[in-house]
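Enquirer: What follows is coords_39.pdb; its format and atoms are PDB, C-alpha atoms.
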```pdb
ATOM      1  CA  MET A   1     -16.435  -4.870  16.540
ATOM      2  CA  SER A   2     -13.127  -2.977  16.423
ATOM      3  CA  ARG A   3     -13.701   0.795  16.460
ATOM      4  CA  GLY A   4     -10.917   1.365  13.921
ATOM      5  CA  VAL A   5     -10.225  -0.140  10.518
ATOM      6  CA  ALA A   6      -7.796  -3.082  10.487
ATOM      7  CA  ALA A   7      -4.166  -2.265   9.759
ATOM      8  CA  MET A   8      -0.826  -4.008   9.121
ATOM      9  CA  ILE A   9       2.837  -3.127   9.635
ATOM     10  CA  TRP A  10       5.802  -4.560   7.673
ATOM     11  CA  CYS A  11       9.145  -4.322   9.444
ATOM     12  CA  PRO A  12      12.322  -6.296   8.692
ATOM     13  CA  PHE A  13      14.545  -7.376  11.614
ATOM     14  CA  PRO A  14      18.139  -8.659  11.693
ATOM     15  CA  ASP A  15      17.029 -12.095  12.988
ATOM     16  CA  THR A  16      14.045 -14.086  14.229
ATOM     17  CA  ASP A  17      14.986 -13.692  17.917
ATOM     18  CA  SER A  18      14.796  -9.887  17.828
ATOM     19  CA  ALA A  19      11.604 -10.041  15.724
ATOM     20  CA  ARG A  20      10.014 -12.523  18.148
ATOM     21  CA  THR A  21      11.000 -10.396  21.182
ATOM     22  CA  ALA A  22       9.524  -7.223  19.689
ATOM     23  CA  ALA A  23       6.346  -8.960  18.449
ATOM     24  CA  SER A  24       5.795 -10.588  21.872
ATOM     25  CA  LYS A  25       6.129  -7.213  23.616
ATOM     26  CA  LEU A  26       3.596  -5.575  21.282
ATOM     27  CA  VAL A  27       1.134  -8.477  21.704
ATOM     28  CA  GLU A  28       1.609  -8.317  25.482
ATOM     29  CA  GLU A  29       0.977  -4.552  25.443
ATOM     30  CA  ARG A  30      -2.097  -5.115  23.231
ATOM     31  CA  LEU A  31      -0.758  -2.831  20.481
ATOM     32  CA  ILE A  32      -0.926  -5.655  17.922
ATOM     33  CA  ALA A  33      -3.048  -8.817  17.897
ATOM     34  CA  CYS A  34      -0.476 -10.977  16.096
ATOM     35  CA  GLY A  35       2.930 -10.883  14.434
ATOM     36  CA  ASN A  36       3.837 -13.161  11.498
ATOM     37  CA  ILE A  37       7.611 -13.708  11.228
ATOM     38  CA  ILE A  38       8.966 -14.698   7.794
ATOM     39  CA  PRO A  39      12.225 -16.358   8.797
ATOM     40  CA  GLN A  40      14.657 -15.655   5.978
ATOM     41  CA  ILE A  41      14.530 -12.803   3.500
ATOM     42  CA  GLU A  42      17.370 -11.399   1.411
ATOM     43  CA  SER A  43      17.530  -7.619   1.408
ATOM     44  CA  VAL A  44      19.035  -5.415  -1.326
ATOM     45  CA  PHE A  45      19.898  -1.827  -0.323
ATOM     46  CA  ARG A  46      22.488   0.952  -0.646
ATOM     47  CA  TRP A  47      25.131   1.091   2.095
ATOM     48  CA  LYS A  48      27.884   3.717   2.050
ATOM     49  CA  GLY A  49      27.276   4.345  -1.649
ATOM     50  CA  GLU A  50      27.343   0.675  -2.719
ATOM     51  CA  VAL A  51      24.417  -1.654  -3.477
ATOM     52  CA  GLU A  52      24.696  -4.510  -0.963
ATOM     53  CA  THR A  53      22.668  -7.548   0.134
ATOM     54  CA  SER A  54      22.221  -9.149   3.526
ATOM     55  CA  PHE A  55      19.893 -11.650   5.194
ATOM     56  CA  GLU A  56      17.140 -10.430   7.496
ATOM     57  CA  CYS A  57      13.758 -11.703   8.611
ATOM     58  CA  GLY A  58      10.392 -10.026   8.008
ATOM     59  CA  LEU A  59       7.755  -9.199  10.637
ATOM     60  CA  LEU A  60       4.173  -8.527   9.503
ATOM     61  CA  CYS A  61       1.963  -7.263  12.353
ATOM     62  CA  LYS A  62      -1.853  -7.169  12.495
ATOM     63  CA  THR A  63      -3.478  -4.307  14.386
ATOM     64  CA  ASP A  64      -6.099  -1.580  13.790
ATOM     65  CA  THR A  65      -5.943   2.110  12.938
ATOM     66  CA  VAL A  66      -6.687   3.078  16.578
ATOM     67  CA  HIS A  67      -3.400   1.438  17.662
ATOM     68  CA  LEU A  68      -1.353   1.789  14.459
ATOM     69  CA  GLN A  69       0.655   4.929  15.290
ATOM     70  CA  LYS A  70       1.455   3.682  18.825
ATOM     71  CA  ALA A  71       2.490   0.269  17.501
ATOM     72  CA  VAL A  72       4.772   1.911  14.885
ATOM     73  CA  ALA A  73       6.334   4.175  17.555
ATOM     74  CA  ARG A  74       6.808   1.244  19.974
ATOM     75  CA  LEU A  75       8.451  -0.860  17.231
ATOM     76  CA  GLU A  76      10.804   2.050  16.511
ATOM     77  CA  ARG A  77      11.897   2.154  20.182
ATOM     78  CA  LEU A  78      12.261  -1.641  20.461
ATOM     79  CA  HIS A  79      14.081  -2.134  17.143
ATOM     80  CA  PRO A  80      17.816  -2.937  17.221
ATOM     81  CA  TYR A  81      18.528  -0.776  14.138
ATOM     82  CA  GLU A  82      19.125   2.958  14.459
ATOM     83  CA  THR A  83      17.032   3.550  11.308
ATOM     84  CA  PRO A  84      14.499   0.722  11.024
ATOM     85  CA  ALA A  85      12.102   0.446   8.072
ATOM     86  CA  ILE A  86       8.614   0.389   9.651
ATOM     87  CA  MET A  87       5.778   0.570   7.128
ATOM     88  CA  GLY A  88       2.258   0.701   8.579
ATOM     89  CA  PHE A  89      -0.940   0.907   6.498
ATOM     90  CA  PRO A  90      -4.718   0.600   6.944
ATOM     91  CA  VAL A  91      -6.487  -2.495   5.613
ATOM     92  CA  SER A  92      -9.980  -1.576   4.524
ATOM     93  CA  ALA A  93     -11.460  -5.028   3.773
ATOM     94  CA  ALA A  94     -10.819  -7.299   6.752
ATOM     95  CA  ALA A  95     -13.274 -10.165   7.369
ATOM     96  CA  PRO A  96     -15.941  -9.540  10.072
ATOM     97  CA  ALA A  97     -14.513 -12.353  12.238
ATOM     98  CA  THR A  98     -11.092 -10.707  11.952
ATOM     99  CA  LEU A  99     -12.436  -7.343  13.120
ATOM    100  CA  GLY A 100     -14.073  -9.024  16.105
ATOM    101  CA  TRP A 101     -10.803 -10.781  16.981
ATOM    102  CA  LEU A 102      -8.868  -7.480  16.707
ATOM    103  CA  ALA A 103     -11.381  -5.763  19.002
ATOM    104  CA  GLU A 104     -10.922  -8.538  21.588
ATOM    105  CA  GLN A 105      -7.139  -8.630  21.417
ATOM    106  CA  LEU A 106      -6.239  -4.934  21.287
ATOM    107  CA  GLY A 107      -6.092  -2.573  24.232
ATOM    108  CA  GLY A 108      -9.048  -0.297  25.137
ATOM    109  CA  ASP A 109      -8.640   3.187  23.543
ATOM    110  CA  GLY A 110      -5.212   2.668  21.973
ATOM    111  CA  SER A 111      -3.699   3.638  25.330
TER     112      SER A 111
ATOM    113  CA  MET B   1      -8.620  -3.180 -18.272
ATOM    114  CA  SER B   2      -9.997  -4.334 -14.870
ATOM    115  CA  ARG B   3     -13.016  -2.214 -13.906
ATOM    116  CA  GLY B   4     -11.854  -2.113 -10.266
ATOM    117  CA  VAL B   5      -8.568  -1.144  -8.679
ATOM    118  CA  ALA B   6      -6.188  -4.044  -7.936
ATOM    119  CA  ALA B   7      -6.346  -5.481  -4.429
ATOM    120  CA  MET B   8      -4.547  -8.011  -2.195
ATOM    121  CA  ILE B   9      -5.514 -10.199   0.762
ATOM    122  CA  TRP B  10      -3.143 -11.522   3.473
ATOM    123  CA  CYS B  11      -4.384 -14.601   5.291
ATOM    124  CA  PRO B  12      -2.320 -17.059   7.370
ATOM    125  CA  PHE B  13      -3.249 -20.769   7.242
ATOM    126  CA  PRO B  14      -2.259 -23.686   9.513
ATOM    127  CA  ASP B  15      -0.356 -25.416   6.666
ATOM    128  CA  THR B  16       0.399 -25.263   2.953
ATOM    129  CA  ASP B  17      -2.168 -27.932   2.044
ATOM    130  CA  SER B  18      -5.108 -25.974   3.431
ATOM    131  CA  ALA B  19      -3.717 -22.748   1.913
ATOM    132  CA  ARG B  20      -3.288 -24.430  -1.498
ATOM    133  CA  THR B  21      -6.828 -25.901  -1.359
ATOM    134  CA  ALA B  22      -8.412 -22.551  -0.534
ATOM    135  CA  ALA B  23      -6.323 -20.630  -3.093
ATOM    136  CA  SER B  24      -7.155 -23.170  -5.827
ATOM    137  CA  LYS B  25     -10.886 -22.854  -5.095
ATOM    138  CA  LEU B  26     -10.768 -19.042  -5.271
ATOM    139  CA  VAL B  27      -8.769 -19.143  -8.546
ATOM    140  CA  GLU B  28     -11.233 -21.704  -9.955
ATOM    141  CA  GLU B  29     -14.180 -19.481  -8.949
ATOM    142  CA  ARG B  30     -12.411 -16.452 -10.486
ATOM    143  CA  LEU B  31     -12.476 -14.515  -7.213
ATOM    144  CA  ILE B  32      -8.680 -14.163  -7.204
ATOM    145  CA  ALA B  33      -6.199 -14.336 -10.093
ATOM    146  CA  CYS B  34      -3.363 -15.851  -8.070
ATOM    147  CA  GLY B  35      -2.361 -16.914  -4.559
ATOM    148  CA  ASN B  36       1.243 -16.736  -3.306
ATOM    149  CA  ILE B  37       1.886 -19.200  -0.451
ATOM    150  CA  ILE B  38       4.803 -18.397   1.887
ATOM    151  CA  PRO B  39       5.522 -21.851   3.291
ATOM    152  CA  GLN B  40       6.725 -21.298   6.827
ATOM    153  CA  ILE B  41       6.014 -18.327   9.058
ATOM    154  CA  GLU B  42       6.237 -18.148  12.848
ATOM    155  CA  SER B  43       3.249 -16.449  14.450
ATOM    156  CA  VAL B  44       3.233 -14.661  17.822
ATOM    157  CA  PHE B  45      -0.203 -14.121  19.422
ATOM    158  CA  ARG B  46      -2.173 -14.224  22.680
ATOM    159  CA  TRP B  47      -3.922 -17.512  23.454
ATOM    160  CA  LYS B  48      -5.929 -17.954  26.667
ATOM    161  CA  GLY B  49      -4.150 -14.989  28.234
ATOM    162  CA  GLU B  50      -0.612 -16.104  27.367
ATOM    163  CA  VAL B  51       1.666 -14.909  24.547
ATOM    164  CA  GLU B  52       2.365 -17.996  22.412
ATOM    165  CA  THR B  53       4.054 -18.844  19.113
ATOM    166  CA  SER B  54       3.218 -21.432  16.469
ATOM    167  CA  PHE B  55       4.126 -22.192  12.864
ATOM    168  CA  GLU B  56       1.712 -21.306  10.074
ATOM    169  CA  CYS B  57       1.993 -20.476   6.404
ATOM    170  CA  GLY B  58       1.003 -17.203   4.731
ATOM    171  CA  LEU B  59      -1.293 -16.781   1.727
ATOM    172  CA  LEU B  60      -1.159 -13.518  -0.247
ATOM    173  CA  CYS B  61      -3.940 -13.282  -2.871
ATOM    174  CA  LYS B  62      -4.152 -10.949  -5.885
ATOM    175  CA  THR B  63      -7.583  -9.733  -6.938
ATOM    176  CA  ASP B  64      -9.393  -6.430  -7.616
ATOM    177  CA  THR B  65     -11.770  -4.249  -5.628
ATOM    178  CA  VAL B  66     -14.790  -5.576  -7.601
ATOM    179  CA  HIS B  67     -14.114  -9.080  -6.217
ATOM    180  CA  LEU B  68     -12.407  -8.217  -2.918
ATOM    181  CA  GLN B  69     -15.365  -8.490  -0.529
ATOM    182  CA  LYS B  70     -16.553 -11.774  -2.099
ATOM    183  CA  ALA B  71     -13.036 -13.224  -1.997
ATOM    184  CA  VAL B  72     -12.682 -12.265   1.706
ATOM    185  CA  ALA B  73     -16.096 -13.814   2.510
ATOM    186  CA  ARG B  74     -15.276 -17.005   0.561
ATOM    187  CA  LEU B  75     -11.916 -17.340   2.346
ATOM    188  CA  GLU B  76     -13.728 -16.970   5.676
ATOM    189  CA  ARG B  77     -16.061 -19.880   4.771
ATOM    190  CA  LEU B  78     -13.249 -22.083   3.433
ATOM    191  CA  HIS B  79     -10.789 -21.411   6.256
ATOM    192  CA  PRO B  80     -10.163 -24.187   8.829
ATOM    193  CA  TYR B  81      -9.959 -21.704  11.726
ATOM    194  CA  GLU B  82     -13.076 -20.497  13.507
ATOM    195  CA  THR B  83     -11.634 -16.960  13.642
ATOM    196  CA  PRO B  84      -9.259 -16.536  10.700
ATOM    197  CA  ALA B  85      -7.258 -13.350  10.152
ATOM    198  CA  ILE B  86      -8.219 -12.153   6.645
ATOM    199  CA  MET B  87      -6.825  -8.726   5.728
ATOM    200  CA  GLY B  88      -7.868  -7.355   2.320
ATOM    201  CA  PHE B  89      -6.777  -3.985   0.925
ATOM    202  CA  PRO B  90      -6.860  -2.036  -2.348
ATOM    203  CA  VAL B  91      -3.624  -1.568  -4.308
ATOM    204  CA  SER B  92      -3.722   1.731  -6.141
ATOM    205  CA  ALA B  93      -0.568   1.477  -8.289
ATOM    206  CA  ALA B  94      -0.607  -1.843 -10.135
ATOM    207  CA  ALA B  95       1.242  -2.051 -13.480
ATOM    208  CA  PRO B  96      -0.940  -1.758 -16.631
ATOM    209  CA  ALA B  97      -0.053  -5.331 -17.672
ATOM    210  CA  THR B  98      -1.133  -6.521 -14.215
ATOM    211  CA  LEU B  99      -4.511  -4.791 -14.514
ATOM    212  CA  GLY B 100      -5.052  -6.421 -17.898
ATOM    213  CA  TRP B 101      -4.170  -9.832 -16.462
ATOM    214  CA  LEU B 102      -6.577  -9.308 -13.535
ATOM    215  CA  ALA B 103      -9.382  -8.339 -15.929
ATOM    216  CA  GLU B 104      -8.801 -11.532 -17.931
ATOM    217  CA  GLN B 105      -8.563 -13.838 -14.932
ATOM    218  CA  LEU B 106     -11.381 -12.581 -12.692
ATOM    219  CA  GLY B 107     -15.074 -13.375 -13.063
ATOM    220  CA  GLY B 108     -17.471 -11.012 -14.905
ATOM    221  CA  ASP B 109     -19.209  -8.636 -12.422
ATOM    222  CA  GLY B 110     -17.772 -10.068  -9.211
ATOM    223  CA  SER B 111     -20.571 -12.642  -9.239
TER     224      SER B 111
ATOM    225  CA  MET C   1      11.591  14.211   5.415
ATOM    226  CA  SER C   2      10.392  12.435   2.228
ATOM    227  CA  ARG C   3       8.119  14.718   0.176
ATOM    228  CA  GLY C   4       5.789  11.812  -0.597
ATOM    229  CA  VAL C   5       4.082   9.208   1.572
ATOM    230  CA  ALA C   6       5.942   5.894   1.904
ATOM    231  CA  ALA C   7       4.909   3.129  -0.473
ATOM    232  CA  MET C   8       5.544  -0.576  -1.139
ATOM    233  CA  ILE C   9       5.434  -2.838  -4.203
ATOM    234  CA  TRP C  10       4.822  -6.631  -4.200
ATOM    235  CA  CYS C  11       6.109  -8.447  -7.270
ATOM    236  CA  PRO C  12       6.788 -12.188  -7.641
ATOM    237  CA  PHE C  13       9.766 -13.294  -9.782
ATOM    238  CA  PRO C  14      10.672 -16.700 -11.251
ATOM    239  CA  ASP C  15      13.817 -16.959  -9.071
ATOM    240  CA  THR C  16      15.998 -15.067  -6.605
ATOM    241  CA  ASP C  17      18.643 -14.165  -9.221
ATOM    242  CA  SER C  18      16.194 -12.256 -11.420
ATOM    243  CA  ALA C  19      14.610 -10.638  -8.327
ATOM    244  CA  ARG C  20      18.045  -9.609  -6.983
ATOM    245  CA  THR C  21      19.083  -8.188 -10.391
ATOM    246  CA  ALA C  22      15.915  -6.103 -10.721
ATOM    247  CA  ALA C  23      16.004  -4.918  -7.082
ATOM    248  CA  SER C  24      19.674  -3.913  -7.400
ATOM    249  CA  LYS C  25      18.933  -1.889 -10.544
ATOM    250  CA  LEU C  26      16.049  -0.026  -8.851
ATOM    251  CA  VAL C  27      18.164   0.697  -5.746
ATOM    252  CA  GLU C  28      21.028   1.892  -7.986
ATOM    253  CA  GLU C  29      18.630   4.173  -9.898
ATOM    254  CA  ARG C  30      17.215   5.450  -6.580
ATOM    255  CA  LEU C  31      13.669   4.395  -7.461
ATOM    256  CA  ILE C  32      13.434   2.172  -4.373
ATOM    257  CA  ALA C  33      15.378   2.331  -1.087
ATOM    258  CA  CYS C  34      15.345  -1.425  -0.482
ATOM    259  CA  GLY C  35      14.022  -4.722  -1.807
ATOM    260  CA  ASN C  36      13.163  -7.677   0.469
ATOM    261  CA  ILE C  37      13.356 -11.011  -1.392
ATOM    262  CA  ILE C  38      11.305 -13.902   0.057
ATOM    263  CA  PRO C  39      13.167 -16.863  -1.423
ATOM    264  CA  GLN C  40      10.564 -19.539  -1.995
ATOM    265  CA  ILE C  41       6.848 -19.064  -2.468
ATOM    266  CA  GLU C  42       4.367 -21.443  -4.067
ATOM    267  CA  SER C  43       2.000 -19.768  -6.498
ATOM    268  CA  VAL C  44      -1.478 -20.987  -7.449
ATOM    269  CA  PHE C  45      -2.928 -19.570 -10.700
ATOM    270  CA  ARG C  46      -4.893 -20.416 -13.852
ATOM    271  CA  TRP C  47      -2.797 -21.359 -16.896
ATOM    272  CA  LYS C  48      -4.461 -22.295 -20.217
ATOM    273  CA  GLY C  49      -7.736 -22.949 -18.410
ATOM    274  CA  GLU C  50      -6.274 -25.190 -15.676
ATOM    275  CA  VAL C  51      -5.448 -24.285 -12.046
ATOM    276  CA  GLU C  52      -1.705 -24.872 -11.694
ATOM    277  CA  THR C  53       1.027 -24.289  -9.099
ATOM    278  CA  SER C  54       4.679 -23.357  -9.480
ATOM    279  CA  PHE C  55       7.518 -22.063  -7.315
ATOM    280  CA  GLU C  56       8.511 -18.412  -7.483
ATOM    281  CA  CYS C  57      10.129 -15.916  -5.161
ATOM    282  CA  GLY C  58       8.568 -12.709  -3.820
ATOM    283  CA  LEU C  59      10.068  -9.201  -3.981
ATOM    284  CA  LEU C  60       8.717  -6.517  -1.634
ATOM    285  CA  CYS C  61      10.124  -3.049  -2.439
ATOM    286  CA  LYS C  62      10.142   0.052  -0.209
ATOM    287  CA  THR C  63       9.789   3.442  -1.893
ATOM    288  CA  ASP C  64       7.596   6.566  -1.684
ATOM    289  CA  THR C  65       4.623   7.868  -3.644
ATOM    290  CA  VAL C  66       6.845  10.340  -5.553
ATOM    291  CA  HIS C  67       8.765   7.395  -7.101
ATOM    292  CA  LEU C  68       6.068   4.704  -7.013
ATOM    293  CA  GLN C  69       4.783   4.940 -10.595
ATOM    294  CA  LYS C  70       8.317   5.102 -12.048
ATOM    295  CA  ALA C  71       9.430   2.138  -9.935
ATOM    296  CA  VAL C  72       6.396   0.091 -11.085
ATOM    297  CA  ALA C  73       7.077   0.997 -14.748
ATOM    298  CA  ARG C  74      10.804   0.179 -14.421
ATOM    299  CA  LEU C  75       9.997  -3.201 -12.785
ATOM    300  CA  GLU C  76       7.641  -3.940 -15.689
ATOM    301  CA  ARG C  77      10.458  -3.307 -18.209
ATOM    302  CA  LEU C  78      13.046  -5.290 -16.229
ATOM    303  CA  HIS C  79      10.796  -8.264 -15.421
ATOM    304  CA  PRO C  80      11.406 -11.558 -17.291
ATOM    305  CA  TYR C  81       7.665 -12.309 -17.558
ATOM    306  CA  GLU C  82       5.558 -10.893 -20.374
ATOM    307  CA  THR C  83       2.732 -10.193 -17.915
ATOM    308  CA  PRO C  84       4.243  -9.653 -14.464
ATOM    309  CA  ALA C  85       2.089  -9.055 -11.368
ATOM    310  CA  ILE C  86       3.311  -5.723  -9.955
ATOM    311  CA  MET C  87       1.192  -4.389  -7.077
ATOM    312  CA  GLY C  88       2.198  -0.988  -5.681
ATOM    313  CA  PHE C  89       0.419   0.803  -2.837
ATOM    314  CA  PRO C  90       0.913   3.810  -0.532
ATOM    315  CA  VAL C  91       1.793   3.213   3.131
ATOM    316  CA  SER C  92       0.324   5.983   5.242
ATOM    317  CA  ALA C  93       1.878   5.207   8.654
ATOM    318  CA  ALA C  94       5.631   4.785   8.204
ATOM    319  CA  ALA C  95       7.874   5.610  11.197
ATOM    320  CA  PRO C  96       9.568   9.063  11.141
ATOM    321  CA  ALA C  97      13.032   7.446  10.942
ATOM    322  CA  THR C  98      11.820   5.436   7.946
ATOM    323  CA  LEU C  99      10.604   8.547   6.135
ATOM    324  CA  GLY C 100      13.978  10.201   6.722
ATOM    325  CA  TRP C 101      15.788   7.144   5.371
ATOM    326  CA  LEU C 102      13.538   7.093   2.271
ATOM    327  CA  ALA C 103      14.229  10.790   1.631
ATOM    328  CA  GLU C 104      17.987  10.136   1.803
ATOM    329  CA  GLN C 105      17.944   7.034  -0.385
ATOM    330  CA  LEU C 106      15.535   8.035  -3.170
ATOM    331  CA  GLY C 107      16.356  10.211  -6.183
ATOM    332  CA  GLY C 108      15.615  13.978  -6.232
ATOM    333  CA  ASP C 109      12.191  14.668  -7.843
ATOM    334  CA  GLY C 110      11.336  11.110  -8.846
ATOM    335  CA  SER C 111      13.418  11.622 -11.998
TER     336      SER C 111
END
```
Using the file provided, produce a representation of the structure as structure tokens.
Expert:
Amino acid sequence: MSRGVAAMIWCPFPDTDSARTAASKLVEERLIACGNIIPQIESVFRWKGEVETSFECGLLCKTDTVHLQKAVARLERLHPYETPAIMGFPVSAAAPATLGWLAEQLGGDGS
Amino acid sequence: MSRGVAAMIWCPFPDTDSARTAASKLVEERLIACGNIIPQIESVFRWKGEVETSFECGLLCKTDTVHLQKAVARLERLHPYETPAIMGFPVSAAAPATLGWLAEQLGGDGS
Amino acid sequence: MSRGVAAMIWCPFPDTDSARTAASKLVEERLIACGNIIPQIESVFRWKGEVETSFECGLLCKTDTVHLQKAVARLERLHPYETPAIMGFPVSAAAPATLGWLAEQLGGDGS
């Protein structure tokens, strides 16, 4: 079983290529077990005082609380934006099979 | 008002048909009030030592903490994967109207 | 740094226009920093005793716990449904750059 609680991270990217590259790196480095990319989202935000919209894609990562902070920090370094929105949170009711899968997929002690 | 706090579950499926079938069952059995299916997501994960991608669809369920564990367990039994990723979590700031709707839609004592 | 913890709100809308209008209002009023609209989701729910499906769109808002309750209440007033599903929750592991961005974008004391 995973030693931590499960956790997820929501992080929009400018496009699917950059999201896929970042997610692959974090899976490779065993900081997340999986990244789900939602290909086209429309974002509404304030830019230089005006409310604007633009198209992005969403990345939802699955990890655990042992690796959460490192995964958030790694995403911040890999992200093409200067100020990315990276929102990580614990998930207290994951299925037992999911916790076993996370334990298998994620690196030893969050190193 | 719902006796529990609101809660949500994120669970990718191989396709919309299997997601729709599972969500319909859980709504029927009053374990969730609603399932939102996001039709096409691209997933990045490790498979037999290699980082791979494949298309799935996402299911986001709305329930409450009284029914959360049972909904997660039921999803695990209904899911076509041997090791599904089922990530349930409490939602502490639902709107009052939402809590009323959950109380109406969900089964008595989580049975 | 933001005085509160980061937070998110999930709220389906009937269509992208109504989601965009509501998200723009909340960004303008500095109750959220950004809204991500997922254009087409399929929802499964009980309606007059029958399990039904219909197409909606999803809105995922980014805010902080100082503004969360006000943002949820404002969404409830702006929403075209009589009983909208508005699910807000704290996010305990946002990136430092994200917390700075939230502090810049959101109104003073949650007023």
Enquirer: Within 12 Å of range 53-58 of chain C, counting only C-alpha atoms, which residues qualify if same-chain residues fewer than 3 places away don't, as a ChimeraX atom specification?
Expert: /A:38,40-43 /B:20-21,23-24,27,34-39,60 /C:9-20,23,35-47,50,61,81,84-87
Enquirer: Only C-alpha atoms, please: the residues just picked out, written as a PDB file, in the coordinates of the input.
Expert:
```pdb
ATOM      1  CA  ILE A  38       8.966 -14.698   7.794  1.00  0.00           C
ATOM      2  CA  GLN A  40      14.657 -15.655   5.978  1.00  0.00           C
ATOM      3  CA  ILE A  41      14.530 -12.803   3.500  1.00  0.00           C
ATOM      4  CA  GLU A  42      17.370 -11.399   1.411  1.00  0.00           C
ATOM      5  CA  SER A  43      17.530  -7.619   1.408  1.00  0.00           C
TER       6      SER A  43
ATOM      7  CA  ARG B  20      -3.288 -24.430  -1.498  1.00  0.00           C
ATOM      8  CA  THR B  21      -6.828 -25.901  -1.359  1.00  0.00           C
ATOM      9  CA  ALA B  23      -6.323 -20.630  -3.093  1.00  0.00           C
ATOM     10  CA  SER B  24      -7.155 -23.170  -5.827  1.00  0.00           C
ATOM     11  CA  VAL B  27      -8.769 -19.143  -8.546  1.00  0.00           C
ATOM     12  CA  CYS B  34      -3.363 -15.851  -8.070  1.00  0.00           C
ATOM     13  CA  GLY B  35      -2.361 -16.914  -4.559  1.00  0.00           C
ATOM     14  CA  ASN B  36       1.243 -16.736  -3.306  1.00  0.00           C
ATOM     15  CA  ILE B  37       1.886 -19.200  -0.451  1.00  0.00           C
ATOM     16  CA  ILE B  38       4.803 -18.397   1.887  1.00  0.00           C
ATOM     17  CA  PRO B  39       5.522 -21.851   3.291  1.00  0.00           C
ATOM     18  CA  LEU B  60      -1.159 -13.518  -0.247  1.00  0.00           C
TER      19      LEU B  60
ATOM     20  CA  ILE C   9       5.434  -2.838  -4.203  1.00  0.00           C
ATOM     21  CA  TRP C  10       4.822  -6.631  -4.200  1.00  0.00           C
ATOM     22  CA  CYS C  11       6.109  -8.447  -7.270  1.00  0.00           C
ATOM     23  CA  PRO C  12       6.788 -12.188  -7.641  1.00  0.00           C
ATOM     24  CA  PHE C  13       9.766 -13.294  -9.782  1.00  0.00           C
ATOM     25  CA  PRO C  14      10.672 -16.700 -11.251  1.00  0.00           C
ATOM     26  CA  ASP C  15      13.817 -16.959  -9.071  1.00  0.00           C
ATOM     27  CA  THR C  16      15.998 -15.067  -6.605  1.00  0.00           C
ATOM     28  CA  ASP C  17      18.643 -14.165  -9.221  1.00  0.00           C
ATOM     29  CA  SER C  18      16.194 -12.256 -11.420  1.00  0.00           C
ATOM     30  CA  ALA C  19      14.610 -10.638  -8.327  1.00  0.00           C
ATOM     31  CA  ARG C  20      18.045  -9.609  -6.983  1.00  0.00           C
ATOM     32  CA  ALA C  23      16.004  -4.918  -7.082  1.00  0.00           C
ATOM     33  CA  GLY C  35      14.022  -4.722  -1.807  1.00  0.00           C
ATOM     34  CA  ASN C  36      13.163  -7.677   0.469  1.00  0.00           C
ATOM     35  CA  ILE C  37      13.356 -11.011  -1.392  1.00  0.00           C
ATOM     36  CA  ILE C  38      11.305 -13.902   0.057  1.00  0.00           C
ATOM     37  CA  PRO C  39      13.167 -16.863  -1.423  1.00  0.00           C
ATOM     38  CA  GLN C  40      10.564 -19.539  -1.995  1.00  0.00           C
ATOM     39  CA  ILE C  41       6.848 -19.064  -2.468  1.00  0.00           C
ATOM     40  CA  GLU C  42       4.367 -21.443  -4.067  1.00  0.00           C
ATOM     41  CA  SER C  43       2.000 -19.768  -6.498  1.00  0.00           C
ATOM     42  CA  VAL C  44      -1.478 -20.987  -7.449  1.00  0.00           C
ATOM     43  CA  PHE C  45      -2.928 -19.570 -10.700  1.00  0.00           C
ATOM     44  CA  ARG C  46      -4.893 -20.416 -13.852  1.00  0.00           C
ATOM     45  CA  TRP C  47      -2.797 -21.359 -16.896  1.00  0.00           C
ATOM     46  CA  GLU C  50      -6.274 -25.190 -15.676  1.00  0.00           C
ATOM     47  CA  CYS C  61      10.124  -3.049  -2.439  1.00  0.00           C
ATOM     48  CA  TYR C  81       7.665 -12.309 -17.558  1.00  0.00           C
ATOM     49  CA  PRO C  84       4.243  -9.653 -14.464  1.00  0.00           C
ATOM     50  CA  ALA C  85       2.089  -9.055 -11.368  1.00  0.00           C
ATOM     51  CA  ILE C  86       3.311  -5.723  -9.955  1.00  0.00           C
ATOM     52  CA  MET C  87       1.192  -4.389  -7.077  1.00  0.00           C
TER      53      MET C  87
END
```
Enquirer: Find, counting all atoms listed in the file, the residue in A:Ala6, A:Leu31, A:Ala71, A:Ala97 that gets nearest to chain C.
Expert: A:Ala71
Enquirer: Rank C:Ala73, C:Ala7, C:Val51, C:Val66 by their smallest atom-to-atom distance to chain A, using all atoms listed in the file, and report the top residue only.
Expert: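 For chain A, the nearest of the candidates is C:Ala7.
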Enquirer: Between CA of Val72 in chain A and CA of Gly88 in chain B, what is the distance, to one decimal in Å?
Expert: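 Those two atoms sit 20.1 Å apart.
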Enquirer: For Thr65 in chain B, please output as an MDAnalysis selection string all residues within 10 Å (counting all atoms listed in the file; exclusion window: fewer than 3 positions along the same chain).
Expert: (chainID A and resid 93) or (chainID B and resid 2:8 68:71 88:91 110)
Enquirer: What residues come out when you apply the PyMOL selection byres ((chain B and resi 105) around 9) to this file, written as a PyMOL selection string?
Expert: (chain B and resi 27+30-34+100-104+106-107) or (chain C and resi 46)
Enquirer: Out of B:Ala95, B:Thr83, B:Glu29, B:Leu59, which residue has the shortest atom-to-atom distance to chain A when counting only C-alpha atoms?
Expert: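 Selected residue with least distance to chain A: B:Thr83.
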Enquirer: One decimal, in Å: what's the spacing between CA of Pro96 in chain A and CA of Arg74 in chain B?
Expert: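 These two atoms are separated by 12.1 Å.
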Enquirer: Please, what distance in Å, to one decimal, runs between CA of Asp64 in chain C and CA of Leu99 in chain C?
Expert: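 Separation between CA of Asp64 in chain C and CA of Leu99 in chain C: 8.6 Å.
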Enquirer: Find the residue from B:Thr63, B:Ser92, B:Pro80, B:Gly49 that sits nearest to chain A; use all atoms listed in the file when measuring.
Expert: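 Of the candidates, the smallest distance to chain A is held by B:Gly49.
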